[in-house]
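Note: the block below is start-v4.txt and it holds compact mmCIF, C-alpha atoms.
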# COMPACT_ATOMS: atom_id res chain seq x y z
CA MET F 1 5.71 -8.17 21.57
CA SER F 2 8.92 -10.13 22.12
CA ARG F 3 9.86 -13.22 24.05
CA PRO F 4 13.09 -14.71 25.40
CA ALA F 5 14.89 -17.15 23.15
CA VAL F 6 16.23 -18.96 26.26
CA HIS F 7 13.79 -20.62 28.67
CA PRO F 8 15.59 -20.99 32.00
CA VAL F 9 12.77 -22.67 33.99
CA GLU F 10 12.17 -25.90 32.08
CA ALA F 11 15.40 -27.67 31.19
CA PRO F 12 14.91 -29.73 28.01
CA PRO F 13 17.35 -32.56 27.12
CA LEU F 14 20.61 -31.44 25.52
CA VAL F 15 21.06 -32.68 21.96
CA ASP F 16 24.35 -32.08 20.11
CA GLY F 17 25.44 -29.77 22.91
CA ARG F 18 22.68 -27.25 22.09
CA ASN F 19 19.59 -26.47 24.10
CA GLU F 20 16.83 -27.77 21.81
CA ALA F 21 13.92 -26.03 23.48
CA ALA F 22 10.34 -27.04 22.64
CA PRO F 23 8.88 -24.92 19.82
CA PRO F 24 6.97 -21.92 21.19
CA ARG F 25 3.23 -21.89 20.72
CA ARG F 26 3.20 -18.60 18.78
CA VAL F 27 4.37 -18.70 15.18
CA ARG F 28 7.94 -17.45 15.00
CA MET F 29 9.10 -15.66 11.87
CA LYS F 30 12.20 -16.74 9.98
CA ASP F 31 15.56 -15.54 11.32
CA VAL F 32 17.08 -13.60 8.40
CA GLN F 33 20.28 -11.56 8.82
CA GLY F 34 19.55 -7.84 8.44
CA MET F 35 16.24 -8.03 10.28
CA PRO F 36 15.64 -6.43 13.72
CA GLY F 37 17.52 -8.14 16.52
CA THR F 38 20.33 -9.47 14.31
CA SER F 39 23.92 -8.22 14.12
CA THR F 40 23.57 -7.30 10.39
CA GLY F 41 20.38 -5.41 11.23
CA LEU F 42 22.26 -3.50 13.93
CA GLY F 43 25.08 -2.80 11.44
CA LEU F 44 22.59 -1.31 8.96
CA ARG F 45 21.09 0.90 11.68
CA VAL F 46 24.54 2.12 12.75
CA CYS F 47 25.43 2.91 9.09
CA GLN F 48 22.15 4.84 8.70
CA PHE F 49 22.79 6.74 11.92
CA VAL F 50 26.38 7.66 10.95
CA ALA F 51 25.40 8.78 7.42
CA THR F 52 22.49 10.90 8.67
CA VAL F 53 24.54 12.50 11.46
CA VAL F 54 27.34 13.46 9.04
CA SER F 55 24.81 14.74 6.45
CA LEU F 56 23.05 16.79 9.15
CA THR F 57 26.33 18.22 10.45
CA VAL F 58 27.62 19.15 6.97
CA MET F 59 24.34 20.87 6.04
CA ALA F 60 24.00 22.62 9.41
CA THR F 61 27.52 24.10 9.17
CA THR F 62 26.55 26.08 6.02
CA SER F 63 25.37 29.52 7.07
CA ASP F 64 22.81 29.97 4.25
CA PHE F 65 20.90 26.67 4.30
CA PRO F 66 17.80 28.17 6.04
CA SER F 67 17.21 30.45 3.04
CA VAL F 68 16.30 27.47 0.81
CA THR F 69 13.18 25.43 1.69
CA SER F 70 14.61 22.17 0.29
CA PHE F 71 17.71 22.39 2.47
CA ARG F 72 15.58 23.06 5.56
CA TYR F 73 13.47 20.04 4.60
CA LEU F 74 16.65 17.96 4.17
CA VAL F 75 17.74 18.84 7.71
CA ALA F 76 14.29 17.89 9.07
CA ALA F 77 14.01 14.62 7.13
CA VAL F 78 17.57 13.51 7.84
CA GLY F 79 17.10 14.45 11.51
CA LEU F 80 13.99 12.24 11.69
CA GLN F 81 15.84 9.37 9.99
CA CYS F 82 18.70 9.87 12.45
CA LEU F 83 16.40 9.60 15.50
CA TRP F 84 14.57 6.58 14.03
CA SER F 85 17.80 4.72 13.23
CA LEU F 86 19.28 5.53 16.66
CA SER F 87 16.15 4.25 18.46
CA LEU F 88 16.13 1.02 16.49
CA ALA F 89 19.87 0.57 16.94
CA ILE F 90 19.40 0.84 20.73
CA ILE F 91 16.54 -1.71 20.59
CA ASP F 92 18.76 -4.03 18.50
CA VAL F 93 21.62 -3.72 20.99
CA TYR F 94 19.20 -4.56 23.83
CA ALA F 95 17.78 -7.53 21.87
CA LEU F 96 21.27 -8.85 21.11
CA CYS F 97 22.41 -8.40 24.72
CA VAL F 98 19.48 -10.19 26.38
CA ARG F 99 19.05 -12.56 23.37
CA ARG F 100 15.48 -11.58 22.80
CA SER F 101 13.74 -12.21 19.47
CA LEU F 102 12.20 -9.12 17.86
CA ARG F 103 10.56 -11.03 15.02
CA SER F 104 6.90 -10.77 16.02
CA PRO F 105 4.52 -9.75 13.17
CA THR F 106 3.28 -6.66 15.05
CA LEU F 107 6.80 -5.34 15.63
CA ILE F 108 7.85 -6.08 12.05
CA THR F 109 4.76 -4.24 10.73
CA MET F 110 5.63 -1.20 12.87
CA TYR F 111 9.25 -1.32 11.71
CA THR F 112 8.19 -1.67 8.05
CA ILE F 113 5.83 1.34 8.22
CA GLY F 114 8.41 3.43 10.08
CA ASP F 115 11.18 2.49 7.65
CA ALA F 116 8.93 3.21 4.65
CA ILE F 117 8.02 6.70 5.96
CA THR F 118 11.51 7.75 7.07
CA SER F 119 13.33 6.40 3.99
CA THR F 120 10.79 7.97 1.61
CA LEU F 121 11.17 11.34 3.37
CA THR F 122 14.98 11.07 3.27
CA PHE F 123 14.95 10.13 -0.43
CA ALA F 124 12.56 13.00 -1.27
CA ALA F 125 14.75 15.47 0.65
CA ALA F 126 17.92 14.17 -1.02
CA CYS F 127 16.32 14.49 -4.49
CA ALA F 128 15.05 18.03 -3.81
CA SER F 129 18.48 19.08 -2.50
CA ALA F 130 20.16 17.45 -5.50
CA GLY F 131 17.86 19.46 -7.81
CA ILE F 132 18.80 22.72 -6.08
CA THR F 133 22.52 21.86 -5.94
CA VAL F 134 22.62 21.01 -9.66
CA LEU F 135 20.71 24.23 -10.39
CA ILE F 136 23.22 26.33 -8.44
CA SER F 137 26.39 24.59 -9.66
CA ASN F 138 25.57 23.61 -13.28
CA ASP F 139 22.64 25.71 -14.55
CA LEU F 140 23.44 29.04 -12.84
CA ASN F 141 27.21 28.62 -12.17
CA LYS F 142 26.96 30.41 -8.82
CA CYS F 143 29.33 28.22 -6.81
CA ASN F 144 31.51 31.25 -6.07
CA ILE F 145 28.83 32.72 -3.76
CA ASN F 146 27.40 29.41 -2.45
CA HIS F 147 28.69 26.43 -0.42
CA CYS F 148 28.33 24.05 -3.39
CA LYS F 149 30.70 21.40 -2.05
CA ARG F 150 28.98 21.22 1.33
CA PHE F 151 25.53 21.10 -0.28
CA MET F 152 26.75 18.28 -2.55
CA SER F 153 28.30 16.37 0.35
CA ALA F 154 25.17 16.68 2.51
CA THR F 155 23.00 15.55 -0.44
CA ALA F 156 25.28 12.61 -1.24
CA LEU F 157 25.25 11.53 2.41
CA ALA F 158 21.45 11.77 2.48
CA PHE F 159 21.35 9.49 -0.59
CA ILE F 160 23.73 7.07 1.16
CA SER F 161 21.54 7.01 4.29
CA TRP F 162 18.48 6.28 2.09
CA PHE F 163 20.47 3.54 0.32
CA VAL F 164 21.38 1.94 3.68
CA ALA F 165 17.80 2.33 4.98
CA SER F 166 16.25 0.52 1.98
CA PRO F 167 17.51 -3.00 2.86
CA SER F 168 15.94 -2.71 6.33
CA PHE F 169 12.60 -1.81 4.78
CA PHE F 170 12.70 -4.47 2.04
CA LEU F 171 13.79 -7.25 4.44
CA ASN F 172 10.99 -6.39 6.87
CA PHE F 173 8.42 -6.09 4.06
CA TRP F 174 9.57 -9.38 2.52
CA SER F 175 9.43 -11.25 5.84
CA LEU F 176 5.99 -9.75 6.53
CA ALA F 177 4.70 -11.00 3.16
CA SER F 178 6.35 -14.43 3.33
CA ARG F 179 5.36 -15.43 6.88
CA MET U 1 5.91 -17.29 -19.37
CA SER U 2 2.12 -17.36 -19.46
CA ARG U 3 -0.45 -20.04 -20.11
CA PRO U 4 -4.12 -20.07 -21.12
CA ALA U 5 -6.65 -20.10 -18.31
CA VAL U 6 -9.07 -21.97 -20.62
CA HIS U 7 -8.12 -25.40 -21.96
CA PRO U 8 -10.21 -26.02 -25.09
CA VAL U 9 -8.96 -29.55 -25.90
CA GLU U 10 -9.98 -31.48 -22.81
CA ALA U 11 -13.57 -30.77 -21.86
CA PRO U 12 -14.02 -31.21 -18.09
CA PRO U 13 -17.50 -31.54 -16.58
CA LEU U 14 -19.40 -28.27 -16.13
CA VAL U 15 -20.10 -27.39 -12.50
CA ASP U 16 -22.31 -24.41 -11.67
CA GLY U 17 -22.16 -23.36 -15.30
CA ARG U 18 -18.39 -22.69 -15.09
CA ASN U 19 -15.63 -24.64 -16.76
CA GLU U 20 -13.81 -26.12 -13.74
CA ALA U 21 -10.60 -27.07 -15.51
CA ALA U 22 -8.10 -29.42 -13.87
CA PRO U 23 -5.41 -27.52 -11.90
CA PRO U 24 -2.32 -26.89 -14.07
CA ARG U 25 0.88 -28.70 -13.17
CA ARG U 26 2.87 -25.49 -12.57
CA VAL U 27 2.24 -23.61 -9.34
CA ARG U 28 -0.13 -20.76 -10.03
CA MET U 29 0.19 -17.56 -8.01
CA LYS U 30 -2.78 -16.11 -6.19
CA ASP U 31 -5.19 -14.02 -8.26
CA VAL U 32 -5.20 -10.61 -6.54
CA GLN U 33 -6.96 -7.62 -8.09
CA GLY U 34 -4.43 -4.97 -9.13
CA MET U 35 -1.88 -7.50 -10.35
CA PRO U 36 -0.95 -7.92 -14.04
CA GLY U 37 -3.72 -9.41 -16.15
CA THR U 38 -6.57 -8.13 -13.92
CA SER U 39 -9.00 -5.31 -14.65
CA THR U 40 -7.82 -3.30 -11.58
CA GLY U 41 -4.22 -3.77 -12.74
CA LEU U 42 -5.18 -2.44 -16.16
CA GLY U 43 -6.97 0.50 -14.49
CA LEU U 44 -3.82 1.37 -12.51
CA ARG U 45 -1.72 1.25 -15.70
CA VAL U 46 -4.19 3.50 -17.55
CA CYS U 47 -4.14 6.00 -14.63
CA GLN U 48 -0.32 5.98 -14.67
CA PHE U 49 -0.28 6.51 -18.43
CA VAL U 50 -2.78 9.40 -18.32
CA ALA U 51 -0.99 11.15 -15.42
CA THR U 52 2.43 10.84 -17.08
CA VAL U 53 1.17 12.00 -20.49
CA VAL U 54 -0.48 15.09 -18.97
CA SER U 55 2.61 15.85 -16.84
CA LEU U 56 4.86 15.47 -19.89
CA THR U 57 2.61 17.70 -22.01
CA VAL U 58 2.35 20.44 -19.37
CA MET U 59 6.13 20.49 -18.83
CA ALA U 60 6.92 20.33 -22.56
CA THR U 61 4.68 23.33 -23.30
CA THR U 62 6.83 25.62 -21.10
CA SER U 63 9.46 27.25 -23.29
CA ASP U 64 12.20 27.44 -20.62
CA PHE U 65 12.17 23.93 -19.14
CA PRO U 66 15.39 22.82 -20.97
CA SER U 67 17.38 25.49 -19.09
CA VAL U 68 16.91 23.61 -15.76
CA THR U 69 18.48 20.13 -15.41
CA SER U 70 15.78 18.88 -12.99
CA PHE U 71 12.99 19.75 -15.43
CA ARG U 72 14.80 17.96 -18.29
CA TYR U 73 15.20 14.96 -15.97
CA LEU U 74 11.48 15.13 -15.09
CA VAL U 75 10.59 14.96 -18.80
CA ALA U 76 12.92 11.97 -19.29
CA ALA U 77 11.75 10.06 -16.18
CA VAL U 78 8.05 10.72 -16.79
CA GLY U 79 8.52 9.75 -20.46
CA LEU U 80 10.06 6.43 -19.40
CA GLN U 81 7.23 5.82 -16.92
CA CYS U 82 4.74 6.66 -19.68
CA LEU U 83 6.24 4.09 -22.10
CA TRP U 84 6.47 1.43 -19.36
CA SER U 85 2.84 1.94 -18.26
CA LEU U 86 1.61 1.94 -21.87
CA SER U 87 3.44 -1.31 -22.67
CA LEU U 88 2.06 -3.03 -19.58
CA ALA U 89 -1.43 -1.69 -20.25
CA ILE U 90 -1.29 -3.21 -23.75
CA ILE U 91 -0.11 -6.55 -22.30
CA ASP U 92 -2.94 -6.39 -19.72
CA VAL U 93 -5.54 -5.72 -22.44
CA TYR U 94 -4.19 -8.70 -24.42
CA ALA U 95 -4.23 -10.92 -21.31
CA LEU U 96 -7.80 -9.89 -20.48
CA CYS U 97 -8.98 -10.40 -24.11
CA VAL U 98 -7.53 -13.89 -24.57
CA ARG U 99 -8.01 -14.74 -20.84
CA ARG U 100 -4.37 -15.56 -20.29
CA SER U 101 -2.85 -15.60 -16.82
CA LEU U 102 0.21 -13.35 -16.38
CA ARG U 103 0.98 -14.54 -12.87
CA SER U 104 4.12 -16.58 -13.45
CA PRO U 105 6.98 -15.84 -11.00
CA THR U 106 9.40 -14.83 -13.79
CA LEU U 107 6.98 -12.29 -15.24
CA ILE U 108 6.11 -10.91 -11.79
CA THR U 109 9.83 -10.53 -10.98
CA MET U 110 10.37 -8.59 -14.23
CA TYR U 111 7.33 -6.41 -13.52
CA THR U 112 8.47 -5.76 -9.93
CA ILE U 113 11.98 -4.70 -11.02
CA GLY U 114 10.60 -2.52 -13.84
CA ASP U 115 8.03 -0.90 -11.55
CA ALA U 116 10.67 -0.29 -8.86
CA ILE U 117 13.04 1.42 -11.32
CA THR U 118 10.44 3.55 -13.14
CA SER U 119 8.56 4.62 -10.01
CA THR U 120 11.79 5.50 -8.17
CA LEU U 121 12.96 7.60 -11.14
CA THR U 122 9.56 9.33 -11.37
CA PHE U 123 9.54 10.06 -7.63
CA ALA U 124 13.10 11.40 -7.73
CA ALA U 125 12.25 13.65 -10.69
CA ALA U 126 9.08 14.89 -9.01
CA CYS U 127 10.99 15.71 -5.80
CA ALA U 128 13.77 17.53 -7.67
CA SER U 129 11.22 19.55 -9.67
CA ALA U 130 9.29 20.31 -6.48
CA GLY U 131 12.52 21.61 -4.91
CA ILE U 132 13.16 23.91 -7.88
CA THR U 133 9.53 25.06 -8.08
CA VAL U 134 9.43 25.93 -4.37
CA LEU U 135 12.77 27.75 -4.74
CA ILE U 136 11.45 29.84 -7.66
CA SER U 137 8.00 30.58 -6.20
CA ASN U 138 8.60 30.84 -2.42
CA ASP U 139 12.31 31.49 -1.76
CA LEU U 140 13.11 33.77 -4.73
CA ASN U 141 9.59 35.07 -5.59
CA LYS U 142 10.34 35.00 -9.32
CA CYS U 143 6.99 33.72 -10.57
CA ASN U 144 6.55 36.84 -12.69
CA ILE U 145 9.30 35.73 -15.07
CA ASN U 146 8.72 31.94 -14.80
CA HIS U 147 5.90 29.51 -15.62
CA CYS U 148 5.37 28.65 -11.94
CA LYS U 149 1.84 27.28 -12.38
CA ARG U 150 2.86 24.93 -15.19
CA PHE U 151 5.92 23.75 -13.28
CA MET U 152 3.72 23.10 -10.23
CA SER U 153 1.10 21.25 -12.29
CA ALA U 154 3.71 19.06 -14.03
CA THR U 155 5.33 18.28 -10.66
CA ALA U 156 1.98 17.46 -9.02
CA LEU U 157 1.06 15.16 -11.92
CA ALA U 158 4.45 13.43 -11.66
CA PHE U 159 3.73 12.84 -7.95
CA ILE U 160 0.28 11.47 -8.86
CA SER U 161 1.78 9.09 -11.44
CA TRP U 162 4.27 7.87 -8.80
CA PHE U 163 1.41 7.45 -6.33
CA VAL U 164 -0.54 5.34 -8.86
CA ALA U 165 2.58 3.36 -9.80
CA SER U 166 3.34 2.37 -6.18
CA PRO U 167 0.39 -0.08 -5.72
CA SER U 168 1.49 -2.02 -8.84
CA PHE U 169 4.99 -2.36 -7.38
CA PHE U 170 3.87 -3.28 -3.86
CA LEU U 171 1.27 -5.82 -5.07
CA ASN U 172 3.84 -7.52 -7.32
CA PHE U 173 6.49 -7.47 -4.59
CA TRP U 174 4.02 -8.83 -2.00
CA SER U 175 2.86 -11.65 -4.28
CA LEU U 176 6.47 -12.49 -5.11
CA ALA U 177 7.34 -12.74 -1.41
CA SER U 178 4.18 -14.64 -0.39
CA ARG U 179 4.16 -17.30 -3.12
Please, can you express the file's structure as C-alpha cells?
Amino acid sequence: MSRPAVHPVEAPPLVDGRNEAAPPRRVRMKDVQGMPGTSTGLGLRVCQFVATVVSLTVMATTSDFPSVTSFRYLVAAVGLQCLWSLSLAIIDVYALCVRRSLRSPTLITMYTIGDAITSTLTFAAACASAGITVLISNDLNKCNINHCKRFMSATALAFISWFVASPSFFLNFWSLASR
Amino acid sequence: MSRPAVHPVEAPPLVDGRNEAAPPRRVRMKDVQGMPGTSTGLGLRVCQFVATVVSLTVMATTSDFPSVTSFRYLVAAVGLQCLWSLSLAIIDVYALCVRRSLRSPTLITMYTIGDAITSTLTFAAACASAGITVLISNDLNKCNINHCKRFMSATALAFISWFVASPSFFLNFWSLASR
C-alpha cells in the first residue's frame, strides 16, 4: 500500500548532497501538493475537520434541530465528513512523520471514492438545510420563533467544509486519471 | 476547435474497406463512448434534456411553486441544465452527421466546466427541493394543502437529470486529465 521514501539498507552515492536512491520498481505517482501525504493535503484535511466540527456544534446547540429531517441529515452527513477528514488527517500526519509515500494507485482510488461520497453527502445536506433556512427566514418570516442565525451558520459552515473537501477529491481524481 | 475526420482531398489507399487516413498533425484525444461527438454522448444529452423538461413542466404546473424560493431556484437551475443539454445535443447531432471530431482539448475543457456548473446547480436545487418536500410531507404533514406528489416528482426528475449529467462531466474530466 505504501513504501518508505528512504532506503536505509543500501547506501547509494550522494549527488549534490541529496540521497539519489535508485528508482523503485513499482510506478510511483506524481508528487502534487494537496494530495495525501503532503503538507497541503494535511492542511486541507485540518480545514475540513475544523469546519465540520464547528458546523456540527452550532447545529447541535439548537434545541429544535431534530424536528426537521434536513437538519438531522446535516448533522449525520457533517459528522461522517468530520470522521473521514480526521482519519485522513491522522494518516497524513503519520506519513509526514515517517516520510512514507501514500501515492499508490489503490490508496488514491480509495481516497477518491471516499472523498466523492462524503463531499456529495455534505453538499446535499448543506443544500437541503439552505432550502429550509431560506424557507423559514425569507418565505415564512418565522425567525422570531426559530434559531435562524444558528441554522444559517451551520449551513454556511457545511458549505465551507464541502468547498474545502472538493480540492482533495479533484486532485486525487486528476492524479488517478493522469497516471 | 474541431476538424473533419474524413479528408476528401488526399485519397489514401483503402485497407479493409475503410479509409485509413494519415494521422492528423494535432494530437487527437482518445475516442471514448459517452464523450462529445459520440452516439452514447448524444444519448446522455437527450436523457438529460428529457428529464429536465419533464421536471420543469411538472414543477411549473403547480400553482404555488413561486411562493417557495427553493422551488423557484429548481425551475431556474433545471431550465439552465435543459438549455445546456439541448445545445450540446444539437452540436453532437451535427458532429455525428458531418463526422467531425469534437475531441479537442479546448472544447473538452469548455464542456467540462459547463457540465460541472450546470450539474452542480441542478444537484443543489434538487437537494433544496427535497429538503422542502420532506419538510412539508413528513415533518409538517401538510400534503392536504400542498401539491406534494408534484413537488416529489419534479425533485426526483431533477435528481435523475443530475445523475445523467454526471457521466458527461466525469468522462470529459477524465479524458482531460489523461490526455
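Nearest to U:Ser175 of all the residues U:Thr38, U:Val78, U:Ile108, U:Val93 is U:Ile108, counting only C-alpha atoms.
Using all atoms listed in the file, the smallest distance between any of F:Arg45, F:Arg72, F:Arg150, F:Arg100 and chain U comes from F:Arg72.
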Q) For the point (1.3, 9.9, -5.3) in file coordinates, what residues are within 12 Å, counting only C-alpha atoms? Give the answer as a list in words? A)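 Those residues, ordered by chain and then number, are Thr120 of chain F; Cys47, Gln48, Ala51, Thr52, Ser119, Thr120, Thr122, Phe123, Ala126, Cys127, Thr155, Ala156, Leu157, Ala158, Phe159, Ile160, Ser161, Trp162, Phe163, Val164, Ala165, Ser166 and Pro167 of chain U.
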May I have a table of the residues of chain U lying at most 7 Å from chain F, giving each one's closest pair of atoms and their distance in Å to one decimal, counting all atoms listed in the file, ordered by chain and ascending residue number, as a Markdown table?
| residue | atom | partner | partner_atom | distance |
| --- | --- | --- | --- | --- |
| U:Ser67 | CA | F:Asp139 | CA | 7.0 |
| U:Val68 | CA | F:Asp139 | CA | 6.2 |
| U:Thr69 | CA | F:Leu135 | CA | 6.9 |
| U:Ser70 | CA | F:Gly131 | CA | 5.6 |
| U:Ala124 | CA | F:Cys127 | CA | 5.5 |
| U:Cys127 | CA | F:Ala128 | CA | 5.1 |
| U:Ala128 | CA | F:Ala128 | CA | 4.1 |
| U:Ser129 | CA | F:Gly131 | CA | 6.9 |
| U:Ala130 | CA | F:Ala128 | CA | 6.7 |
| U:Gly131 | CA | F:Ala128 | CA | 4.5 |
| U:Ile132 | CA | F:Ile132 | CA | 6.0 |
| U:Leu135 | CA | F:Val68 | CA | 6.6 |
| U:Asp139 | CA | F:Val68 | CA | 6.2 |
| U:Trp174 | CA | F:Ala177 | CA | 5.6 |
| U:Ala177 | CA | F:Ser178 | CA | 5.1 |
| U:Ser178 | CA | F:Ser178 | CA | 4.3 |
(Q) Between atom CA of U:Ser168 and atom CA of U:Val54, what is the distance in Å, rounded to a tenth? (A) 20.0 Å
**Q.** Separation of atom CA of F:Arg103 from atom CA of F:Val53, in Å and rounded to one decimal
**A.**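 According to the coordinates, atom CA of F:Arg103 and atom CA of F:Val53 are separated by 27.6 Å.
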Q: For each of U:Ser101, U:Asn141, U:Ser63, U:Ser87, take the minimum atom-to-atom distance to U:Pro36, counting all atoms listed in the file, then give the residue where this is smallest.
A: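 Once distances to U:Pro36 are computed over all atoms listed in the file, the minimum belongs to U:Ser101.
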Q | Near-F:Ser153 list (9 Å; all atoms listed in the file; drop same-chain fewer than 5 positions) as number ranges by chain | A | F: 55, 58-59, 148, 158
Q) Quick one: distance from atom CA of F:Asp92 to atom CA of F:Gly37 in Å, one decimal? A) 4.7 Å
